[in-house]
Amino acid sequence: MRTTHTYHNHSESMAAGKGHGSFAQSRMRNFGVTMAVMGASFVLYYLGFFGGVSGPLQGASIGDWLANLGFKPRHLLGMFLMLTVLSIIWNWVYNGLNRLFKWNLRCAAPLNDSGGFCSEPVVERTGYDTGQQYVCRAGHTCGQAQVRAVRKGTIGHFLWMMFLIFSVIVYYHMA
């Protein structure tokens with residue numbers, strides 16, 4: 001069962017890591033981010049990125065520049081297919097490196113009440129009489145540790161599907 005906490009006191013919310021300052025500080029930070037995004041949008045607009053003004057970032061200018069470099073649709077297809085493959089396998093490579101170099105190790109001590117694992121970060125200790133052991137923050141000492149695997153989330157799946165769709169569009173445009 002999931003419980004929710006209501007913080008009535010600002011110091012309680014800050015201590016629990018739920019707050020980011022007072023209301024005025026939050027509004028000022030949000031205003032600053034809004035102004036930075038608006039400034040970047042103005043710069044991109046006057047460089048022609050949105051197509052309303054002629055400039056170096058206008059679609060036709062970028063297309064002419066790429067054509068002068070010898071960039072063809074098959075290069076675009078190859079780039080999108082490469083990005084599709086990379087967006088599919090990036091976490092496999094990352095998890096393989098974690099296992100190979102023993103990065104991101106977690107405690108494998110079983111928990112009594114839930115049947116799961118402790119999964120706190122561990123420190124490797126090697127002793128003459130004890131051999132190789134892993135010790136976590138909770139005080140568990142185990143002879144083995146597990147790697148917490150990183151999985152693709154919504155954005156990761158969206159990226160590989162987007163690159164695949166772009167690849168299909170470019171392929172049918174070439175034919």
# chains A, B, ... in the order shown; residues from 1 in each chain; ligands from 1

$ select_by_dssp --residues "chain A" --states "strand (DSSP E or B)" --output "PDB file with N, CA, C and O atoms, in the first residue's frame"
ATOM      1  N   LEU A 105      27.051  -1.814  -8.432  1.00  0.00           N
ATOM      2  CA  LEU A 105      26.757  -3.041  -7.692  1.00  0.00           C
ATOM      3  C   LEU A 105      25.808  -2.745  -6.538  1.00  0.00           C
ATOM      4  O   LEU A 105      25.919  -1.728  -5.862  1.00  0.00           O
ATOM      5  N   ARG A 106      24.879  -3.658  -6.311  1.00  0.00           N
ATOM      6  CA  ARG A 106      23.878  -3.526  -5.255  1.00  0.00           C
ATOM      7  C   ARG A 106      23.898  -4.748  -4.356  1.00  0.00           C
ATOM      8  O   ARG A 106      24.272  -5.841  -4.772  1.00  0.00           O
ATOM      9  N   CYS A 107      23.438  -4.565  -3.136  1.00  0.00           N
ATOM     10  CA  CYS A 107      23.416  -5.633  -2.141  1.00  0.00           C
ATOM     11  C   CYS A 107      22.434  -6.725  -2.564  1.00  0.00           C
ATOM     12  O   CYS A 107      21.316  -6.445  -3.003  1.00  0.00           O
ATOM     13  N   PRO A 110      18.893 -11.031   1.030  1.00  0.00           N
ATOM     14  CA  PRO A 110      17.429 -11.129   0.988  1.00  0.00           C
ATOM     15  C   PRO A 110      16.803 -10.395   2.171  1.00  0.00           C
ATOM     16  O   PRO A 110      17.337 -10.387   3.281  1.00  0.00           O
ATOM     17  N   PHE A 117      15.257  -8.078  -2.444  1.00  0.00           N
ATOM     18  CA  PHE A 117      16.651  -7.882  -2.086  1.00  0.00           C
ATOM     19  C   PHE A 117      16.827  -6.491  -1.493  1.00  0.00           C
ATOM     20  O   PHE A 117      16.042  -5.589  -1.740  1.00  0.00           O
ATOM     21  N   PRO A 121      23.632   0.346  -2.439  1.00  0.00           N
ATOM     22  CA  PRO A 121      24.973   0.302  -3.041  1.00  0.00           C
ATOM     23  C   PRO A 121      25.960  -0.391  -2.100  1.00  0.00           C
ATOM     24  O   PRO A 121      25.853  -0.269  -0.883  1.00  0.00           O
ATOM     25  N   VAL A 122      26.899  -1.121  -2.678  1.00  0.00           N
ATOM     26  CA  VAL A 122      27.850  -1.873  -1.876  1.00  0.00           C
ATOM     27  C   VAL A 122      29.276  -1.397  -2.119  1.00  0.00           C
ATOM     28  O   VAL A 122      29.575  -0.776  -3.127  1.00  0.00           O
ATOM     29  N   VAL A 123      30.143  -1.734  -1.153  1.00  0.00           N
ATOM     30  CA  VAL A 123      31.575  -1.486  -1.251  1.00  0.00           C
ATOM     31  C   VAL A 123      32.245  -2.847  -1.177  1.00  0.00           C
ATOM     32  O   VAL A 123      31.916  -3.675  -0.329  1.00  0.00           O
ATOM     33  N   GLU A 124      33.189  -3.080  -2.073  1.00  0.00           N
ATOM     34  CA  GLU A 124      33.876  -4.372  -2.095  1.00  0.00           C
ATOM     35  C   GLU A 124      35.016  -4.355  -1.083  1.00  0.00           C
ATOM     36  O   GLU A 124      35.824  -3.426  -1.050  1.00  0.00           O
ATOM     37  N   ARG A 125      35.067  -5.395  -0.244  1.00  0.00           N
ATOM     38  CA  ARG A 125      36.136  -5.536   0.738  1.00  0.00           C
ATOM     39  C   ARG A 125      36.735  -6.923   0.587  1.00  0.00           C
ATOM     40  O   ARG A 125      36.019  -7.918   0.513  1.00  0.00           O
ATOM     41  N   THR A 126      38.055  -6.969   0.529  1.00  0.00           N
ATOM     42  CA  THR A 126      38.751  -8.241   0.417  1.00  0.00           C
ATOM     43  C   THR A 126      39.630  -8.409   1.645  1.00  0.00           C
ATOM     44  O   THR A 126      40.468  -7.561   1.945  1.00  0.00           O
ATOM     45  N   GLY A 127      39.402  -9.500   2.345  1.00  0.00           N
ATOM     46  CA  GLY A 127      40.193  -9.792   3.539  1.00  0.00           C
ATOM     47  C   GLY A 127      40.965 -11.084   3.359  1.00  0.00           C
ATOM     48  O   GLY A 127      40.596 -11.946   2.557  1.00  0.00           O
ATOM     49  N   GLY A 131      38.022 -13.433   2.358  1.00  0.00           N
ATOM     50  CA  GLY A 131      37.916 -13.423   0.904  1.00  0.00           C
ATOM     51  C   GLY A 131      37.200 -12.168   0.431  1.00  0.00           C
ATOM     52  O   GLY A 131      37.175 -11.146   1.107  1.00  0.00           O
ATOM     53  N   GLN A 132      36.584 -12.267  -0.729  1.00  0.00           N
ATOM     54  CA  GLN A 132      35.898 -11.121  -1.307  1.00  0.00           C
ATOM     55  C   GLN A 132      34.492 -11.033  -0.743  1.00  0.00           C
ATOM     56  O   GLN A 132      33.716 -11.980  -0.820  1.00  0.00           O
ATOM     57  N   GLN A 133      34.161  -9.874  -0.156  1.00  0.00           N
ATOM     58  CA  GLN A 133      32.838  -9.650   0.388  1.00  0.00           C
ATOM     59  C   GLN A 133      32.368  -8.263   0.010  1.00  0.00           C
ATOM     60  O   GLN A 133      33.168  -7.372  -0.267  1.00  0.00           O
ATOM     61  N   TYR A 134      31.054  -8.088   0.017  1.00  0.00           N
ATOM     62  CA  TYR A 134      30.445  -6.806  -0.288  1.00  0.00           C
ATOM     63  C   TYR A 134      29.676  -6.343   0.933  1.00  0.00           C
ATOM     64  O   TYR A 134      28.928  -7.110   1.530  1.00  0.00           O
ATOM     65  N   VAL A 135      29.841  -5.080   1.293  1.00  0.00           N
ATOM     66  CA  VAL A 135      29.173  -4.519   2.463  1.00  0.00           C
ATOM     67  C   VAL A 135      28.324  -3.339   2.001  1.00  0.00           C
ATOM     68  O   VAL A 135      28.801  -2.465   1.280  1.00  0.00           O
ATOM     69  N   CYS A 136      27.049  -3.334   2.431  1.00  0.00           N
ATOM     70  CA  CYS A 136      26.153  -2.243   2.045  1.00  0.00           C
ATOM     71  C   CYS A 136      25.975  -1.276   3.208  1.00  0.00           C
ATOM     72  O   CYS A 136      26.442  -1.520   4.314  1.00  0.00           O
ATOM     73  N   THR A 141      26.542  -8.036   4.957  1.00  0.00           N
ATOM     74  CA  THR A 141      27.796  -8.506   4.385  1.00  0.00           C
ATOM     75  C   THR A 141      27.488  -9.754   3.580  1.00  0.00           C
ATOM     76  O   THR A 141      26.970 -10.735   4.111  1.00  0.00           O
ATOM     77  N   CYS A 142      27.756  -9.685   2.273  1.00  0.00           N
ATOM     78  CA  CYS A 142      27.428 -10.797   1.384  1.00  0.00           C
ATOM     79  C   CYS A 142      28.658 -11.186   0.572  1.00  0.00           C
ATOM     80  O   CYS A 142      29.542 -10.378   0.331  1.00  0.00           O
ATOM     81  N   ALA A 145      27.210  -9.723  -5.076  1.00  0.00           N
ATOM     82  CA  ALA A 145      26.433  -8.508  -5.296  1.00  0.00           C
ATOM     83  C   ALA A 145      25.804  -8.608  -6.673  1.00  0.00           C
ATOM     84  O   ALA A 145      26.253  -9.377  -7.526  1.00  0.00           O
ATOM     85  N   GLN A 146      24.768  -7.840  -6.884  1.00  0.00           N
ATOM     86  CA  GLN A 146      24.092  -7.866  -8.179  1.00  0.00           C
ATOM     87  C   GLN A 146      24.181  -6.489  -8.829  1.00  0.00           C
ATOM     88  O   GLN A 146      24.305  -5.485  -8.149  1.00  0.00           O
ATOM     89  N   VAL A 147      24.127  -6.481 -10.155  1.00  0.00           N
ATOM     90  CA  VAL A 147      24.148  -5.238 -10.906  1.00  0.00           C
ATOM     91  C   VAL A 147      22.710  -4.834 -11.161  1.00  0.00           C
ATOM     92  O   VAL A 147      21.900  -5.638 -11.619  1.00  0.00           O
TER      93      VAL A 147
END

$ residues_around --residues "segment 167-174 of chain A" --least-positions-apart "2" --cutoff "6 Å" --atoms "only C-alpha atoms" --output "list in words"
Leu77, Phe80, Leu164 and Ile165 of chain A

$ residues_around --residues "Leu44 of chain A" --least-positions-apart "5" --cutoff "8 Å" --atoms "only C-alpha atoms" --output "PyMOL selection string"
chain A and resi 49-50+57

$ residues_around --residues "Met161 of chain A" --least-positions-apart "6" --cutoff "12 Å" --atoms "only C-alpha atoms" --output "number ranges by chain"
A: 80-81, 83-88, 154-155, 167-168

$ write_last_selection --atoms "N, CA, C and O atoms" --output "PDB file, in the first residue's frame"
ATOM      1  N   PHE A  80      19.666   7.436 -39.998  1.00  0.00           N
ATOM      2  CA  PHE A  80      18.486   7.089 -39.197  1.00  0.00           C
ATOM      3  C   PHE A  80      18.504   5.621 -38.777  1.00  0.00           C
ATOM      4  O   PHE A  80      18.088   5.292 -37.661  1.00  0.00           O
ATOM      5  N   LEU A  81      18.977   4.726 -39.654  1.00  0.00           N
ATOM      6  CA  LEU A  81      19.069   3.322 -39.254  1.00  0.00           C
ATOM      7  C   LEU A  81      20.106   3.128 -38.147  1.00  0.00           C
ATOM      8  O   LEU A  81      19.894   2.347 -37.210  1.00  0.00           O
ATOM      9  N   LEU A  83      20.956   5.406 -35.915  1.00  0.00           N
ATOM     10  CA  LEU A  83      20.357   5.950 -34.699  1.00  0.00           C
ATOM     11  C   LEU A  83      19.297   5.009 -34.131  1.00  0.00           C
ATOM     12  O   LEU A  83      19.146   4.901 -32.909  1.00  0.00           O
ATOM     13  N   THR A  84      18.577   4.297 -35.010  1.00  0.00           N
ATOM     14  CA  THR A  84      17.592   3.313 -34.549  1.00  0.00           C
ATOM     15  C   THR A  84      18.283   2.195 -33.789  1.00  0.00           C
ATOM     16  O   THR A  84      17.876   1.829 -32.680  1.00  0.00           O
ATOM     17  N   VAL A  85      19.349   1.652 -34.362  1.00  0.00           N
ATOM     18  CA  VAL A  85      20.069   0.554 -33.718  1.00  0.00           C
ATOM     19  C   VAL A  85      20.685   1.023 -32.397  1.00  0.00           C
ATOM     20  O   VAL A  85      20.593   0.338 -31.372  1.00  0.00           O
ATOM     21  N   LEU A  86      21.303   2.218 -32.393  1.00  0.00           N
ATOM     22  CA  LEU A  86      21.899   2.737 -31.161  1.00  0.00           C
ATOM     23  C   LEU A  86      20.857   2.974 -30.078  1.00  0.00           C
ATOM     24  O   LEU A  86      21.105   2.695 -28.901  1.00  0.00           O
ATOM     25  N   SER A  87      19.680   3.470 -30.454  1.00  0.00           N
ATOM     26  CA  SER A  87      18.651   3.719 -29.448  1.00  0.00           C
ATOM     27  C   SER A  87      18.036   2.424 -28.932  1.00  0.00           C
ATOM     28  O   SER A  87      17.435   2.416 -27.863  1.00  0.00           O
ATOM     29  N   ILE A  88      18.190   1.326 -29.671  1.00  0.00           N
ATOM     30  CA  ILE A  88      17.700   0.036 -29.191  1.00  0.00           C
ATOM     31  C   ILE A  88      18.726  -0.618 -28.258  1.00  0.00           C
ATOM     32  O   ILE A  88      18.372  -1.162 -27.220  1.00  0.00           O
ATOM     33  N   THR A 154      10.002   5.248 -21.334  1.00  0.00           N
ATOM     34  CA  THR A 154       9.102   5.728 -22.374  1.00  0.00           C
ATOM     35  C   THR A 154       9.853   6.522 -23.437  1.00  0.00           C
ATOM     36  O   THR A 154       9.618   6.339 -24.629  1.00  0.00           O
ATOM     37  N   ILE A 155      10.759   7.380 -23.011  1.00  0.00           N
ATOM     38  CA  ILE A 155      11.499   8.211 -23.969  1.00  0.00           C
ATOM     39  C   ILE A 155      12.409   7.342 -24.826  1.00  0.00           C
ATOM     40  O   ILE A 155      12.521   7.555 -26.042  1.00  0.00           O
ATOM     41  N   SER A 167      13.204   6.385 -40.827  1.00  0.00           N
ATOM     42  CA  SER A 167      13.910   5.536 -41.793  1.00  0.00           C
ATOM     43  C   SER A 167      12.955   5.031 -42.862  1.00  0.00           C
ATOM     44  O   SER A 167      13.296   5.020 -44.050  1.00  0.00           O
ATOM     45  N   VAL A 168      11.769   4.612 -42.455  1.00  0.00           N
ATOM     46  CA  VAL A 168      10.768   4.123 -43.423  1.00  0.00           C
ATOM     47  C   VAL A 168      10.349   5.253 -44.351  1.00  0.00           C
ATOM     48  O   VAL A 168      10.227   5.051 -45.575  1.00  0.00           O
TER      49      VAL A 168
END

$ closest_residue --among "A:Ile89, A:Ala40, A:Ala149, A:Ala138" --to "Cys118 of chain A" --atoms "only C-alpha atoms"
A:Ala138

$ atom_distance --atom1 "atom CA of Ser61 of chain A" --atom2 "atom CA of Leu47 of chain A"
10.8 Å

$ residues_around --residues "segment 94-98 of chain A" --least-positions-apart "3" --cutoff "7 Å" --atoms "only C-alpha atoms" --output "number ranges by chain"
A: 90-91, 101-104, 147, 149-150

$ atom_distance --atom1 "atom CA of Gly52 of chain A" --atom2 "atom CA of Asn30 of chain A"
27.9 Å

$ closest_residue --among "A:Ala109, A:Pro73, A:Gly48, A:Ser22" --to "Ala60 of chain A" --atoms "only C-alpha atoms"
A:Gly48

$ atom_distance --atom1 "atom CA of Phe71 of chain A" --atom2 "atom CA of Tyr46 of chain A"
25.8 Å

$ select_by_dssp --residues "segment 19-161 of chain A" --states "alpha helix (DSSP H)" --output "JSON list (two decimals) with N, CA and C atoms, in the first residue's frame"
[["chain", "number", "residue", "atom", "x", "y", "z"],
["A", 23, "PHE", "N", 7.72, 30.07, -2.54],
["A", 23, "PHE", "CA", 6.88, 30.30, -3.71],
["A", 23, "PHE", "C", 7.51, 31.35, -4.62],
["A", 24, "ALA", "N", 8.02, 32.44, -4.02],
["A", 24, "ALA", "CA", 8.64, 33.50, -4.82],
["A", 24, "ALA", "C", 9.89, 33.00, -5.54],
["A", 25, "GLN", "N", 10.70, 32.18, -4.86],
["A", 25, "GLN", "CA", 11.89, 31.64, -5.50],
["A", 25, "GLN", "C", 11.51, 30.72, -6.66],
["A", 26, "SER", "N", 10.49, 29.93, -6.47],
["A", 26, "SER", "CA", 10.03, 29.03, -7.53],
["A", 26, "SER", "C", 9.53, 29.83, -8.73],
["A", 27, "ARG", "N", 8.75, 30.88, -8.46],
["A", 27, "ARG", "CA", 8.24, 31.71, -9.56],
["A", 27, "ARG", "C", 9.38, 32.41, -10.31],
["A", 28, "MET", "N", 10.37, 32.89, -9.58],
["A", 28, "MET", "CA", 11.50, 33.57, -10.22],
["A", 28, "MET", "C", 12.32, 32.59, -11.06],
["A", 29, "ARG", "N", 12.52, 31.39, -10.56],
["A", 29, "ARG", "CA", 13.26, 30.38, -11.33],
["A", 29, "ARG", "C", 12.49, 30.02, -12.60],
["A", 30, "ASN", "N", 11.20, 29.80, -12.48],
["A", 30, "ASN", "CA", 10.39, 29.48, -13.66],
["A", 30, "ASN", "C", 10.38, 30.63, -14.65],
["A", 31, "PHE", "N", 10.32, 31.87, -14.15],
["A", 31, "PHE", "CA", 10.36, 33.03, -15.02],
["A", 31, "PHE", "C", 11.70, 33.10, -15.76],
["A", 32, "GLY", "N", 12.79, 32.81, -15.05],
["A", 32, "GLY", "CA", 14.11, 32.82, -15.67],
["A", 32, "GLY", "C", 14.23, 31.77, -16.77],
["A", 33, "VAL", "N", 13.71, 30.58, -16.52],
["A", 33, "VAL", "CA", 13.74, 29.52, -17.54],
["A", 33, "VAL", "C", 12.90, 29.93, -18.74],
["A", 34, "THR", "N", 11.74, 30.52, -18.49],
["A", 34, "THR", "CA", 10.88, 30.98, -19.58],
["A", 34, "THR", "C", 11.58, 32.03, -20.42],
["A", 35, "MET", "N", 12.26, 32.98, -19.79],
["A", 35, "MET", "CA", 12.97, 34.03, -20.52],
["A", 35, "MET", "C", 14.13, 33.44, -21.34],
["A", 36, "ALA", "N", 14.83, 32.44, -20.79],
["A", 36, "ALA", "CA", 15.93, 31.83, -21.53],
["A", 36, "ALA", "C", 15.41, 31.09, -22.76],
["A", 37, "VAL", "N", 14.30, 30.37, -22.62],
["A", 37, "VAL", "CA", 13.72, 29.67, -23.76],
["A", 37, "VAL", "C", 13.23, 30.66, -24.80],
["A", 38, "MET", "N", 12.60, 31.75, -24.35],
["A", 38, "MET", "CA", 12.12, 32.76, -25.29],
["A", 38, "MET", "C", 13.29, 33.41, -26.02],
["A", 39, "GLY", "N", 14.39, 33.70, -25.32],
["A", 39, "GLY", "CA", 15.57, 34.29, -25.96],
["A", 39, "GLY", "C", 16.16, 33.35, -27.00],
["A", 40, "ALA", "N", 16.26, 32.06, -26.67],
["A", 40, "ALA", "CA", 16.78, 31.09, -27.64],
["A", 40, "ALA", "C", 15.84, 30.99, -28.85],
["A", 41, "SER", "N", 14.54, 31.06, -28.62],
["A", 41, "SER", "CA", 13.58, 31.01, -29.73],
["A", 41, "SER", "C", 13.72, 32.22, -30.65],
["A", 42, "PHE", "N", 13.94, 33.41, -30.07],
["A", 42, "PHE", "CA", 14.15, 34.59, -30.90],
["A", 42, "PHE", "C", 15.40, 34.44, -31.75],
["A", 43, "VAL", "N", 16.48, 33.94, -31.16],
["A", 43, "VAL", "CA", 17.72, 33.75, -31.92],
["A", 43, "VAL", "C", 17.49, 32.78, -33.07],
["A", 44, "LEU", "N", 16.83, 31.64, -32.79],
["A", 44, "LEU", "CA", 16.56, 30.67, -33.84],
["A", 44, "LEU", "C", 15.63, 31.24, -34.91],
["A", 45, "TYR", "N", 14.66, 32.06, -34.50],
["A", 45, "TYR", "CA", 13.74, 32.67, -35.46],
["A", 45, "TYR", "C", 14.49, 33.59, -36.42],
["A", 46, "TYR", "N", 15.34, 34.45, -35.89],
["A", 46, "TYR", "CA", 16.06, 35.39, -36.75],
["A", 46, "TYR", "C", 17.17, 34.72, -37.55],
["A", 59, "GLY", "N", 15.32, 25.87, -44.05],
["A", 59, "GLY", "CA", 15.37, 24.53, -44.62],
["A", 59, "GLY", "C", 16.08, 24.47, -45.97],
["A", 60, "ALA", "N", 15.78, 25.41, -46.85],
["A", 60, "ALA", "CA", 16.41, 25.42, -48.18],
["A", 60, "ALA", "C", 17.92, 25.66, -48.07],
["A", 61, "SER", "N", 18.33, 26.52, -47.17],
["A", 61, "SER", "CA", 19.76, 26.80, -46.99],
["A", 61, "SER", "C", 20.49, 25.57, -46.47],
["A", 62, "ILE", "N", 19.87, 24.88, -45.51],
["A", 62, "ILE", "CA", 20.49, 23.66, -44.97],
["A", 62, "ILE", "C", 20.55, 22.59, -46.05],
["A", 63, "GLY", "N", 19.48, 22.46, -46.85],
["A", 63, "GLY", "CA", 19.46, 21.49, -47.94],
["A", 63, "GLY", "C", 20.52, 21.76, -48.98],
["A", 64, "ASP", "N", 20.69, 23.03, -49.36],
["A", 64, "ASP", "CA", 21.73, 23.40, -50.33],
["A", 64, "ASP", "C", 23.12, 23.10, -49.78],
["A", 65, "TRP", "N", 23.34, 23.41, -48.49],
["A", 65, "TRP", "CA", 24.63, 23.16, -47.86],
["A", 65, "TRP", "C", 24.95, 21.67, -47.84],
["A", 66, "LEU", "N", 23.95, 20.84, -47.50],
["A", 66, "LEU", "CA", 24.17, 19.39, -47.47],
["A", 66, "LEU", "C", 24.38, 18.84, -48.88],
["A", 67, "ALA", "N", 23.65, 19.37, -49.88],
["A", 67, "ALA", "CA", 23.84, 18.92, -51.26],
["A", 67, "ALA", "C", 25.23, 19.27, -51.77],
["A", 68, "ASN", "N", 25.75, 20.42, -51.39],
["A", 68, "ASN", "CA", 27.11, 20.80, -51.78],
["A", 68, "ASN", "C", 28.16, 19.88, -51.16],
["A", 73, "PRO", "N", 20.09, 11.08, -50.07],
["A", 73, "PRO", "CA", 19.08, 10.44, -49.23],
["A", 73, "PRO", "C", 19.55, 9.12, -48.60],
["A", 74, "ARG", "N", 20.42, 8.38, -49.30],
["A", 74, "ARG", "CA", 20.90, 7.13, -48.71],
["A", 74, "ARG", "C", 21.76, 7.37, -47.47],
["A", 75, "HIS", "N", 22.46, 8.53, -47.43],
["A", 75, "HIS", "CA", 23.21, 8.88, -46.23],
["A", 75, "HIS", "C", 22.25, 9.17, -45.07],
["A", 76, "LEU", "N", 21.15, 9.82, -45.37],
["A", 76, "LEU", "CA", 20.14, 10.11, -44.35],
["A", 76, "LEU", "C", 19.52, 8.81, -43.85],
["A", 77, "LEU", "N", 19.25, 7.88, -44.77],
["A", 77, "LEU", "CA", 18.70, 6.59, -44.38],
["A", 77, "LEU", "C", 19.69, 5.84, -43.49],
["A", 78, "GLY", "N", 20.95, 5.84, -43.87],
["A", 78, "GLY", "CA", 21.97, 5.18, -43.05],
["A", 78, "GLY", "C", 22.08, 5.81, -41.67],
["A", 79, "MET", "N", 21.99, 7.14, -41.60],
["A", 79, "MET", "CA", 22.07, 7.81, -40.31],
["A", 79, "MET", "C", 20.88, 7.43, -39.43],
["A", 80, "PHE", "N", 19.67, 7.44, -40.00],
["A", 80, "PHE", "CA", 18.49, 7.09, -39.20],
["A", 80, "PHE", "C", 18.50, 5.62, -38.78],
["A", 81, "LEU", "N", 18.98, 4.73, -39.65],
["A", 81, "LEU", "CA", 19.07, 3.32, -39.25],
["A", 81, "LEU", "C", 20.11, 3.13, -38.15],
["A", 82, "MET", "N", 21.23, 3.85, -38.24],
["A", 82, "MET", "CA", 22.24, 3.77, -37.19],
["A", 82, "MET", "C", 21.69, 4.29, -35.87],
["A", 83, "LEU", "N", 20.96, 5.41, -35.92],
["A", 83, "LEU", "CA", 20.36, 5.95, -34.70],
["A", 83, "LEU", "C", 19.30, 5.01, -34.13],
["A", 84, "THR", "N", 18.58, 4.30, -35.01],
["A", 84, "THR", "CA", 17.59, 3.31, -34.55],
["A", 84, "THR", "C", 18.28, 2.19, -33.79],
["A", 85, "VAL", "N", 19.35, 1.65, -34.36],
["A", 85, "VAL", "CA", 20.07, 0.55, -33.72],
["A", 85, "VAL", "C", 20.68, 1.02, -32.40],
["A", 86, "LEU", "N", 21.30, 2.22, -32.39],
["A", 86, "LEU", "CA", 21.90, 2.74, -31.16],
["A", 86, "LEU", "C", 20.86, 2.97, -30.08],
["A", 87, "SER", "N", 19.68, 3.47, -30.45],
["A", 87, "SER", "CA", 18.65, 3.72, -29.45],
["A", 87, "SER", "C", 18.04, 2.42, -28.93],
["A", 88, "ILE", "N", 18.19, 1.33, -29.67],
["A", 88, "ILE", "CA", 17.70, 0.04, -29.19],
["A", 88, "ILE", "C", 18.73, -0.62, -28.26],
["A", 89, "ILE", "N", 20.01, -0.55, -28.61],
["A", 89, "ILE", "CA", 21.01, -1.34, -27.86],
["A", 89, "ILE", "C", 21.81, -0.56, -26.83],
["A", 90, "TRP", "N", 21.56, 0.75, -26.63],
["A", 90, "TRP", "CA", 22.40, 1.52, -25.72],
["A", 90, "TRP", "C", 22.37, 0.95, -24.32],
["A", 91, "ASN", "N", 21.23, 0.52, -23.82],
["A", 91, "ASN", "CA", 21.19, 0.02, -22.45],
["A", 91, "ASN", "C", 21.80, -1.37, -22.34],
["A", 92, "TRP", "N", 21.80, -2.15, -23.42],
["A", 92, "TRP", "CA", 22.47, -3.45, -23.39],
["A", 92, "TRP", "C", 23.97, -3.25, -23.22],
["A", 93, "VAL", "N", 24.52, -2.30, -23.96],
["A", 93, "VAL", "CA", 25.95, -1.99, -23.86],
["A", 93, "VAL", "C", 26.28, -1.46, -22.46],
["A", 94, "TYR", "N", 25.45, -0.55, -21.97],
["A", 94, "TYR", "CA", 25.67, 0.04, -20.65],
["A", 94, "TYR", "C", 25.61, -1.03, -19.55],
["A", 95, "ASN", "N", 24.61, -1.91, -19.62],
["A", 95, "ASN", "CA", 24.50, -2.97, -18.62],
["A", 95, "ASN", "C", 25.65, -3.97, -18.73],
["A", 96, "GLY", "N", 26.10, -4.25, -19.94],
["A", 96, "GLY", "CA", 27.25, -5.15, -20.13],
["A", 96, "GLY", "C", 28.52, -4.56, -19.53],
["A", 97, "LEU", "N", 28.74, -3.25, -19.73],
["A", 97, "LEU", "CA", 29.90, -2.59, -19.13],
["A", 97, "LEU", "C", 29.80, -2.58, -17.61],
["A", 98, "ASN", "N", 28.58, -2.38, -17.08],
["A", 98, "ASN", "CA", 28.40, -2.43, -15.62],
["A", 98, "ASN", "C", 28.77, -3.80, -15.07],
["A", 99, "ARG", "N", 28.38, -4.85, -15.76],
["A", 99, "ARG", "CA", 28.70, -6.21, -15.30],
["A", 99, "ARG", "C", 30.20, -6.49, -15.44],
["A", 100, "LEU", "N", 30.78, -6.06, -16.54],
["A", 100, "LEU", "CA", 32.19, -6.33, -16.81],
["A", 100, "LEU", "C", 33.11, -5.63, -15.81],
["A", 101, "PHE", "N", 32.84, -4.36, -15.54],
["A", 101, "PHE", "CA", 33.72, -3.58, -14.67],
["A", 101, "PHE", "C", 33.20, -3.46, -13.24],
["A", 154, "THR", "N", 10.00, 5.25, -21.33],
["A", 154, "THR", "CA", 9.10, 5.73, -22.37],
["A", 154, "THR", "C", 9.85, 6.52, -23.44],
["A", 155, "ILE", "N", 10.76, 7.38, -23.01],
["A", 155, "ILE", "CA", 11.50, 8.21, -23.97],
["A", 155, "ILE", "C", 12.41, 7.34, -24.83],
["A", 156, "GLY", "N", 13.05, 6.35, -24.23],
["A", 156, "GLY", "CA", 13.93, 5.45, -25.00],
["A", 156, "GLY", "C", 13.17, 4.69, -26.07],
["A", 157, "HIS", "N", 12.00, 4.17, -25.72],
["A", 157, "HIS", "CA", 11.19, 3.46, -26.71],
["A", 157, "HIS", "C", 10.65, 4.42, -27.77],
["A", 158, "PHE", "N", 10.28, 5.64, -27.35],
["A", 158, "PHE", "CA", 9.80, 6.63, -28.31],
["A", 158, "PHE", "C", 10.89, 6.95, -29.32],
["A", 159, "LEU", "N", 12.15, 7.08, -28.87],
["A", 159, "LEU", "CA", 13.24, 7.44, -29.78],
["A", 159, "LEU", "C", 13.48, 6.38, -30.83],
["A", 160, "TRP", "N", 13.55, 5.09, -30.45],
["A", 160, "TRP", "CA", 13.83, 4.09, -31.47],
["A", 160, "TRP", "C", 12.67, 3.96, -32.44],
["A", 161, "MET", "N", 11.43, 4.12, -31.95],
["A", 161, "MET", "CA", 10.28, 4.07, -32.88],
["A", 161, "MET", "C", 10.28, 5.27, -33.82]]

$ decode --residues "segment 97-102 of chain A" --atoms "N, CA, C and O atoms" --output "short mmCIF file (atom, residue, chain, number, x, y, z; two decimals), in the first residue's frame"
data_model
loop_
_atom_site.label_atom_id
_atom_site.label_comp_id
_atom_site.auth_asym_id
_atom_site.auth_seq_id
_atom_site.Cartn_x
_atom_site.Cartn_y
_atom_site.Cartn_z
N LEU A 97 28.74 -3.25 -19.73
CA LEU A 97 29.90 -2.59 -19.13
C LEU A 97 29.80 -2.58 -17.61
O LEU A 97 30.81 -2.76 -16.91
N ASN A 98 28.58 -2.38 -17.08
CA ASN A 98 28.40 -2.43 -15.62
C ASN A 98 28.77 -3.80 -15.07
O ASN A 98 29.41 -3.91 -14.02
N ARG A 99 28.38 -4.85 -15.76
CA ARG A 99 28.70 -6.21 -15.30
C ARG A 99 30.20 -6.49 -15.44
O ARG A 99 30.82 -7.09 -14.56
N LEU A 100 30.78 -6.06 -16.54
CA LEU A 100 32.19 -6.33 -16.81
C LEU A 100 33.11 -5.63 -15.81
O LEU A 100 34.04 -6.24 -15.29
N PHE A 101 32.84 -4.36 -15.54
CA PHE A 101 33.72 -3.58 -14.67
C PHE A 101 33.20 -3.46 -13.24
O PHE A 101 33.77 -2.72 -12.44
N LYS A 102 32.13 -4.18 -12.91
CA LYS A 102 31.54 -4.20 -11.57
C LYS A 102 31.14 -2.80 -11.10
O LYS A 102 31.41 -2.39 -9.97
#
